[in-house]
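*Asks:* Submitted below is the structure of interest, expressed as structure tokens.
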Amino acid sequence: MNPSRKILIDTDTASDDAIALIMALRSPDVSVLAITVVAGNVSAEQGTRNALFTAELCGSAVPVFTGAASPLERPLEDASWFHGQDGLGDHGYQPAARVAEDESGVDAIVRIIQANPGIELITLGPLTNLALALRQSPQLSANVSRCVVMGGAPCCEGNVTPAAEYNFWVDPEAARAVLRSQLPIELVGWQLSRGAAVVNAQEMENILALGTRFAEFAIRSNDTAARAYQIQTGQEGIALPDPTAMAILLHPALALVASDHSMDVQVDDGITRGMSVVDKLGVVHDARNRAAWSDVLEQGRKHTVIWEMDIPGWKQSLLQALR
Amino acid sequence: MEAIPLAGAALRRQVIFDSDPSPDDAVAFLAALASPEEFDVLAITTVAGNVPVELTSRNARKALQLAKRSDIPVYAGAAAPLVRPLVTAEHVHGRTGFDGYDLPEPETPLQPGFAPDVIVELVMSRPANAVVLCCTAPLTNVALAMAQEPRLAKHLAGIVLMGGAMSEGGNITPAAEFNFYVDPEAAAQVFSSGAAITMIPLDCTHQALITDERLATLRAAGTPVGTAFYHLLEWNKRFDRAKYGWAGGPLHDPTVTAYLLSPELFTGRTVRVDIECLSPLTSGASVIDWWSVSDRPANALVLRGIDAEGYFRLIFERLLRL
């Protein structure tokens with residue numbers, strides 16, 4: 001069996017990324033050509049180990065590449081406070097046999113996209129690798145049929161600061177470069193994984209009751225994140241931003257409400273660093289917005305913001321992947 | 001942080017409206033004037049915003065004259081934001097800010113005195129917690145008053161203001177609501193002042209649309225005030241209808257009055273609000289820490305929910321008393 005849909009996953013593999021990887025690697029609908037790892041939640045080395053462990057768990061031979069070790073212009077500020085020191089809740093998960101490829105993650109992105117017109121991309125971490133790949137080869141976008149980006153807090157509160165979501169905040173310059181590219185982006189902000197989309201205590205029980213190694217790993221590796229999320233928001237359960245993005249990549253019909261907008265990322269320091277700014281009401285074409293928006297408008301590409309998701313459908317796709 | 005102690009049957013609230021009258025500002029203060037059991041309106045202070053201050057000052061007096069309340073003093077304030085050139089909103093409100101219905105020129109002059117000075121005088125000459133500032137404009141006058149009298153913020157019973165945006169995004173730039181965008185430095189000073197602030201952002205007001213059905217109640221009343229505001233608001237809402245395809249424009253500013261009259265129409269949360277002043281892309285954005293991800297202390301009650309039906313019933317019923 002060789003599914004016709006080819007995908008490349010760029011990830012800063014921590015606990016929720018790992019579930020997203022399982023969803024893709026076990027999906028009969030797609031063929032994962034590569035996993036490229038970027039520094040973010042954890043260091044690029046640790047993220048690579050986590051991706052390799054997850055691939056092994058799935059019995060997958062997918063090549064794993066290590067990419068950028070830090071954001072484009074800033075030092076890395078990781079999210080180990082949320083995901084644990086090793087990103088997987090510090091349970092000692094280690095790959096038994098597999099190692100990363102020698103080629104850099106950025107080079108691998110360029111090569112694989114060039115060789116596979118129509119490929120679908122999904123990014124689960126900071127956009128450093130993809131920004132560097134576009135810098136090497138701006139025409140890459142033409143080969144990409146979809147680019148699902150988990151990142152940003154479109155018209156909503158952030159998770160790392162009141163204004164910004166982590167992936168955009170940690171490398172805002174990279175996020176801006178990618179949003180200003182010609183890639184056909186579908187933005188999955190962190191708010192889609194909130195509220196009713198949170199996997200609650202009963203649903204965690206249901207997952208564990210599947211009795212598979214995937215289910216056990218999914219719940220256990222996310223226990224630190226679940227505690228952090230509870231402290232952060234007062235909500236019980238696990239919020240899974242990366243798996244919601246993966247669900248939308250795998251099953252596009254799960255995106256119920258979406259619309260296209262000009263958007264940009266705030267790269268200056270200060271209280272709105274990393275804020276995803278979406279022109280929801282369509283005001284950027286007037287004179288007072290010209291100075292701040294002319295570059296975005298000249299590049300001329302609107303991106304799709306996904307506002308609402310089929311929540312039962314998302315949970316079904318998660319359960320299916322962990323069976 | 002406690003919400004502002006609210007007016008009830010036993011408590012008549014002294015208020016100052018700081019305003020840049022387009023029609024919705026005028027509805028805000030006229031509804032208060034129509035509610036003498038709940039409000040004692042001490043003054044209207046005007047500021048540059050929707051249109052220049054000369055026009056907002058004239059519009060305030062036109063509206064008072066229409067309601068036969070020219071006894072209420074109007075004081076003009078700042079002609080420009082603290083540190084930026086003025087940005088106006090003629091694209092929404094017309095050249096005069098009151099396009100759509102010709103009201104007679106006001107016969108009563110402006111009162112002598114600069115609005116920020118007057119705010120200080122009116123508030124500090126009364127006991128603490130006596131006066132609520134109702135702000136429906138850029139916060140320039142309020143910031144100037146606070147700069148002049150550092151005790152002002154704590155002496156006020158509170159500030160209820162229309163401004164900012166959260167999930168709605170901005171209405172003047174993608175990131176910012178008009179009042180905060182025009183004078184972000186003033187907004188930032190007010191939010192760091194320690195005053196008890198209730199903030200009503202676009203999230204709330206964009207749920208309160210002036211539909212044809214709602215507007216028809218003004219026309220049907222057949223009173224001078226009803227007829228004038230029918231036409232003024234009808235003209236006003238064409239912008240939003242044309243631009244956004246909505247059923248009508250939002251009736252922003254009277255939410256301030258409605259909150260003081262009937263807080264149960266609203267839902268909200270006490271949180272930290274900071275105003276972006278530096279980045280050109282996000283200048284004037286209200287950064288609202290809804291989930292307390294920062295360690296900064298709460299400084300405002302932010303209202304996100306409104307019973308729109310109850311709001312229009314309340315405000316139009318009051319307005320039509322005039």
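We name chains A, B, ... following the order of the structure tokens; residues begin at 1 in each chain, and ligands are numbered from 1 as shown.
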Could you give me the residues within region 23-188 of chain A that DSSP places in strand (DSSP E or B), as a VMD selection string?
*Replies:* chain A and resid 30 to 37 64 to 66 119 to 123 144 to 150 185 to 188
*Asks:* With a distance threshold of 7 Å and counting only C-alpha atoms, extract the residues of chain A near chain B and express them as a PDB file with N, CA and C atoms, in the first residue's frame.
*Replies:*
ATOM      1  N   CYS A 155      -6.910  36.429  16.830  1.00  0.00           N
ATOM      2  CA  CYS A 155      -8.002  37.141  17.494  1.00  0.00           C
ATOM      3  C   CYS A 155      -8.375  36.499  18.828  1.00  0.00           C
ATOM      4  N   CYS A 156      -7.388  36.070  19.574  1.00  0.00           N
ATOM      5  CA  CYS A 156      -7.701  35.526  20.900  1.00  0.00           C
ATOM      6  C   CYS A 156      -6.477  35.661  21.789  1.00  0.00           C
ATOM      7  N   GLU A 157      -6.671  35.293  23.038  1.00  0.00           N
ATOM      8  CA  GLU A 157      -5.597  35.360  24.005  1.00  0.00           C
ATOM      9  C   GLU A 157      -4.508  34.331  23.681  1.00  0.00           C
ATOM     10  N   ASN A 159      -0.975  31.871  24.863  1.00  0.00           N
ATOM     11  CA  ASN A 159      -0.701  30.924  25.947  1.00  0.00           C
ATOM     12  C   ASN A 159       0.643  31.167  26.625  1.00  0.00           C
ATOM     13  N   VAL A 160       1.574  31.849  25.927  1.00  0.00           N
ATOM     14  CA  VAL A 160       2.867  32.082  26.569  1.00  0.00           C
ATOM     15  C   VAL A 160       2.930  33.508  27.085  1.00  0.00           C
ATOM     16  N   THR A 161       2.293  34.421  26.386  1.00  0.00           N
ATOM     17  CA  THR A 161       2.021  35.755  26.916  1.00  0.00           C
ATOM     18  C   THR A 161       0.536  36.003  26.654  1.00  0.00           C
ATOM     19  N   PRO A 162      -0.028  37.055  27.252  1.00  0.00           N
ATOM     20  CA  PRO A 162      -1.449  37.321  26.969  1.00  0.00           C
ATOM     21  C   PRO A 162      -1.727  37.559  25.485  1.00  0.00           C
ATOM     22  N   ALA A 163      -0.700  37.952  24.729  1.00  0.00           N
ATOM     23  CA  ALA A 163      -0.925  38.290  23.317  1.00  0.00           C
ATOM     24  C   ALA A 163      -0.469  37.218  22.344  1.00  0.00           C
ATOM     25  N   GLN A 232      -2.446  26.573  34.350  1.00  0.00           N
ATOM     26  CA  GLN A 232      -2.514  27.744  33.479  1.00  0.00           C
ATOM     27  C   GLN A 232      -3.944  28.220  33.277  1.00  0.00           C
ATOM     28  N   THR A 233      -4.856  27.302  33.066  1.00  0.00           N
ATOM     29  CA  THR A 233      -6.203  27.693  32.634  1.00  0.00           C
ATOM     30  C   THR A 233      -7.301  27.269  33.592  1.00  0.00           C
ATOM     31  N   GLN A 266       3.816  40.111  14.792  1.00  0.00           N
ATOM     32  CA  GLN A 266       4.499  41.243  15.409  1.00  0.00           C
ATOM     33  C   GLN A 266       5.865  40.766  15.896  1.00  0.00           C
ATOM     34  N   ASP A 268       8.465  42.968  16.950  1.00  0.00           N
ATOM     35  CA  ASP A 268       9.152  43.859  17.891  1.00  0.00           C
ATOM     36  C   ASP A 268       9.053  43.284  19.302  1.00  0.00           C
ATOM     37  N   ILE A 271       5.033  43.935  24.675  1.00  0.00           N
ATOM     38  CA  ILE A 271       3.937  43.093  25.162  1.00  0.00           C
ATOM     39  C   ILE A 271       3.205  42.349  24.062  1.00  0.00           C
ATOM     40  N   THR A 272       3.385  42.746  22.791  1.00  0.00           N
ATOM     41  CA  THR A 272       2.710  42.007  21.720  1.00  0.00           C
ATOM     42  C   THR A 272       3.682  41.229  20.834  1.00  0.00           C
ATOM     43  N   VAL A 277      -1.448  38.754  13.963  1.00  0.00           N
ATOM     44  CA  VAL A 277      -2.402  39.830  13.707  1.00  0.00           C
ATOM     45  C   VAL A 277      -3.189  39.471  12.446  1.00  0.00           C
ATOM     46  N   VAL A 278      -4.484  39.280  12.606  1.00  0.00           N
ATOM     47  CA  VAL A 278      -5.344  38.842  11.508  1.00  0.00           C
ATOM     48  C   VAL A 278      -6.295  39.977  11.153  1.00  0.00           C
ATOM     49  N   ASP A 279      -6.347  40.307   9.884  1.00  0.00           N
ATOM     50  CA  ASP A 279      -7.226  41.403   9.445  1.00  0.00           C
ATOM     51  C   ASP A 279      -8.656  40.888   9.317  1.00  0.00           C
ATOM     52  N   LYS A 280      -9.248  40.615  10.462  1.00  0.00           N
ATOM     53  CA  LYS A 280     -10.553  39.945  10.478  1.00  0.00           C
ATOM     54  C   LYS A 280     -11.637  40.801   9.830  1.00  0.00           C
ATOM     55  N   LEU A 281     -11.598  42.121  10.067  1.00  0.00           N
ATOM     56  CA  LEU A 281     -12.649  42.994   9.546  1.00  0.00           C
ATOM     57  C   LEU A 281     -12.269  43.642   8.212  1.00  0.00           C
ATOM     58  N   VAL A 283      -9.619  45.777   7.232  1.00  0.00           N
ATOM     59  CA  VAL A 283      -9.381  47.224   7.331  1.00  0.00           C
ATOM     60  C   VAL A 283      -8.014  47.647   6.792  1.00  0.00           C
ATOM     61  N   VAL A 284      -7.202  46.713   6.305  1.00  0.00           N
ATOM     62  CA  VAL A 284      -5.795  47.068   6.034  1.00  0.00           C
ATOM     63  C   VAL A 284      -5.567  47.865   4.760  1.00  0.00           C
ATOM     64  N   ASN A 289      -3.316  52.273   7.469  1.00  0.00           N
ATOM     65  CA  ASN A 289      -2.676  50.982   7.658  1.00  0.00           C
ATOM     66  C   ASN A 289      -1.541  50.723   6.661  1.00  0.00           C
ATOM     67  N   ALA A 292       2.231  50.025   7.949  1.00  0.00           N
ATOM     68  CA  ALA A 292       2.487  48.765   8.638  1.00  0.00           C
ATOM     69  C   ALA A 292       2.181  47.547   7.765  1.00  0.00           C
TER      70      ALA A 292
END
*Asks:* Per DSSP on the backbone, what are the helix (DSSP H, G or I) residues of region 73-322 of chain A, as a PyMOL selection string?
*Replies:* chain A and resi 80-83+105-115+128-136+138-143+166-170+172-179+190-193+195-197+201-208+213-221+223-233+241-250+252-254+287-299+311-322
*Asks:* Go ahead and save the picked residues with C-alpha atoms, as a CSV table (one decimal), in the first residue's frame.
*Replies:*
chain,number,residue,atom,x,y,z
A,80,SER,CA,10.2,22.4,29.4
A,81,TRP,CA,8.1,24.0,32.1
A,82,PHE,CA,5.1,22.8,30.2
A,83,HIS,CA,6.2,19.4,28.7
A,105,GLY,CA,16.5,19.3,8.5
A,106,VAL,CA,16.5,22.4,6.5
A,107,ASP,CA,18.3,20.8,3.5
A,108,ALA,CA,16.0,17.8,3.8
A,109,ILE,CA,12.9,20.1,3.6
A,110,VAL,CA,14.2,21.8,0.4
A,111,ARG,CA,15.2,18.5,-1.3
A,112,ILE,CA,12.0,16.6,-0.4
A,113,ILE,CA,9.7,19.4,-1.4
A,114,GLN,CA,11.5,19.9,-4.7
A,115,ALA,CA,11.2,16.1,-5.5
A,128,THR,CA,12.6,28.4,11.9
A,129,ASN,CA,13.2,25.4,9.7
A,130,LEU,CA,10.6,26.3,7.1
A,131,ALA,CA,11.8,30.0,7.1
A,132,LEU,CA,15.4,28.8,6.4
A,133,ALA,CA,14.2,26.5,3.7
A,134,LEU,CA,12.3,29.3,2.0
A,135,ARG,CA,15.3,31.5,2.3
A,136,GLN,CA,17.3,28.9,0.4
A,138,PRO,CA,11.7,30.7,-2.3
A,139,GLN,CA,10.1,28.9,-5.1
A,140,LEU,CA,9.4,25.9,-2.9
A,141,SER,CA,5.9,27.2,-2.2
A,142,ALA,CA,4.8,26.2,-5.7
A,143,ASN,CA,5.3,22.5,-5.0
A,166,TYR,CA,4.4,29.9,21.9
A,167,ASN,CA,5.4,28.8,18.4
A,168,PHE,CA,5.0,32.3,17.0
A,169,TRP,CA,6.4,34.0,20.1
A,170,VAL,CA,9.6,32.0,20.3
A,172,PRO,CA,8.5,35.7,15.5
A,173,GLU,CA,10.8,36.5,12.6
A,174,ALA,CA,10.5,33.0,11.2
A,175,ALA,CA,6.7,33.1,11.6
A,176,ARG,CA,6.5,36.4,9.8
A,177,ALA,CA,8.7,35.0,7.0
A,178,VAL,CA,6.5,32.0,6.5
A,179,LEU,CA,3.3,34.0,6.6
A,190,TRP,CA,-4.0,27.2,19.8
A,191,GLN,CA,-7.6,28.2,20.7
A,192,LEU,CA,-8.9,25.3,18.6
A,193,SER,CA,-7.5,22.8,21.1
A,195,GLY,CA,-12.7,24.4,25.6
A,196,ALA,CA,-14.7,21.4,24.4
A,197,ALA,CA,-11.7,20.2,22.3
A,201,ALA,CA,-10.7,12.9,32.3
A,202,GLN,CA,-13.4,10.5,31.0
A,203,GLU,CA,-11.9,10.7,27.5
A,204,MET,CA,-8.4,10.0,28.9
A,205,GLU,CA,-9.9,6.9,30.6
A,206,ASN,CA,-11.4,5.9,27.3
A,207,ILE,CA,-8.1,6.2,25.6
A,208,LEU,CA,-6.3,4.2,28.3
A,213,ARG,CA,1.1,0.9,23.6
A,214,PHE,CA,0.1,4.1,21.7
A,215,ALA,CA,-2.7,4.9,24.1
A,216,GLU,CA,-0.6,4.3,27.2
A,217,PHE,CA,2.3,6.5,25.8
A,218,ALA,CA,-0.1,9.2,24.7
A,219,ILE,CA,-1.6,9.7,28.2
A,220,ARG,CA,1.6,9.1,30.1
A,221,SER,CA,3.9,11.4,28.1
A,223,ASP,CA,0.9,14.0,32.2
A,224,THR,CA,3.2,16.9,33.0
A,225,ALA,CA,1.5,19.0,30.3
A,226,ALA,CA,-1.9,18.2,31.7
A,227,ARG,CA,-0.8,19.5,35.1
A,228,ALA,CA,0.7,22.6,33.6
A,229,TYR,CA,-2.4,23.2,31.5
A,230,GLN,CA,-4.6,22.9,34.7
A,231,ILE,CA,-2.5,25.4,36.5
A,232,GLN,CA,-2.5,27.7,33.5
A,233,THR,CA,-6.2,27.7,32.6
A,241,PRO,CA,-2.8,21.8,19.8
A,242,ASP,CA,-0.5,19.7,17.6
A,243,PRO,CA,-2.9,16.7,17.3
A,244,THR,CA,-5.8,19.0,16.4
A,245,ALA,CA,-3.6,20.5,13.6
A,246,MET,CA,-2.7,16.9,12.5
A,247,ALA,CA,-6.4,15.9,12.5
A,248,ILE,CA,-7.2,18.8,10.2
A,249,LEU,CA,-4.3,17.9,7.9
A,250,LEU,CA,-5.5,14.3,7.8
A,252,PRO,CA,-9.8,18.5,6.0
A,253,ALA,CA,-13.5,18.3,6.5
A,254,LEU,CA,-13.0,18.7,10.3
A,287,ALA,CA,-4.2,54.9,4.2
A,288,ARG,CA,-3.6,54.7,7.9
A,289,ASN,CA,-2.7,51.0,7.7
A,290,ARG,CA,-0.4,51.4,4.7
A,291,ALA,CA,2.8,51.9,6.5
A,292,ALA,CA,2.5,48.8,8.6
A,293,TRP,CA,0.8,46.5,6.0
A,294,SER,CA,2.3,47.4,2.6
A,295,ASP,CA,4.8,44.6,2.7
A,296,VAL,CA,2.1,42.0,3.5
A,297,LEU,CA,-0.3,43.4,0.8
A,298,GLU,CA,2.4,43.6,-1.9
A,299,GLN,CA,3.2,39.9,-1.3
A,311,ILE,CA,-14.9,18.5,17.9
A,312,PRO,CA,-16.5,15.0,18.0
A,313,GLY,CA,-14.8,14.3,14.7
A,314,TRP,CA,-11.5,15.4,16.1
A,315,LYS,CA,-11.8,13.1,19.1
A,316,GLN,CA,-12.8,10.3,16.9
A,317,SER,CA,-9.7,10.7,14.8
A,318,LEU,CA,-7.6,10.8,17.9
A,319,LEU,CA,-9.1,7.6,19.3
A,320,GLN,CA,-8.8,5.9,15.9
A,321,ALA,CA,-5.1,6.7,15.8
A,322,LEU,CA,-4.4,5.3,19.2
*Asks:* Taking into account only C-alpha atoms, which residue in the set B:Leu152, B:Val15, B:Val120, B:Val182 is nearest to Gly194 (chain B)?
*Replies:*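 Closest to Gly194 (chain B) of all the choices is B:Leu152.
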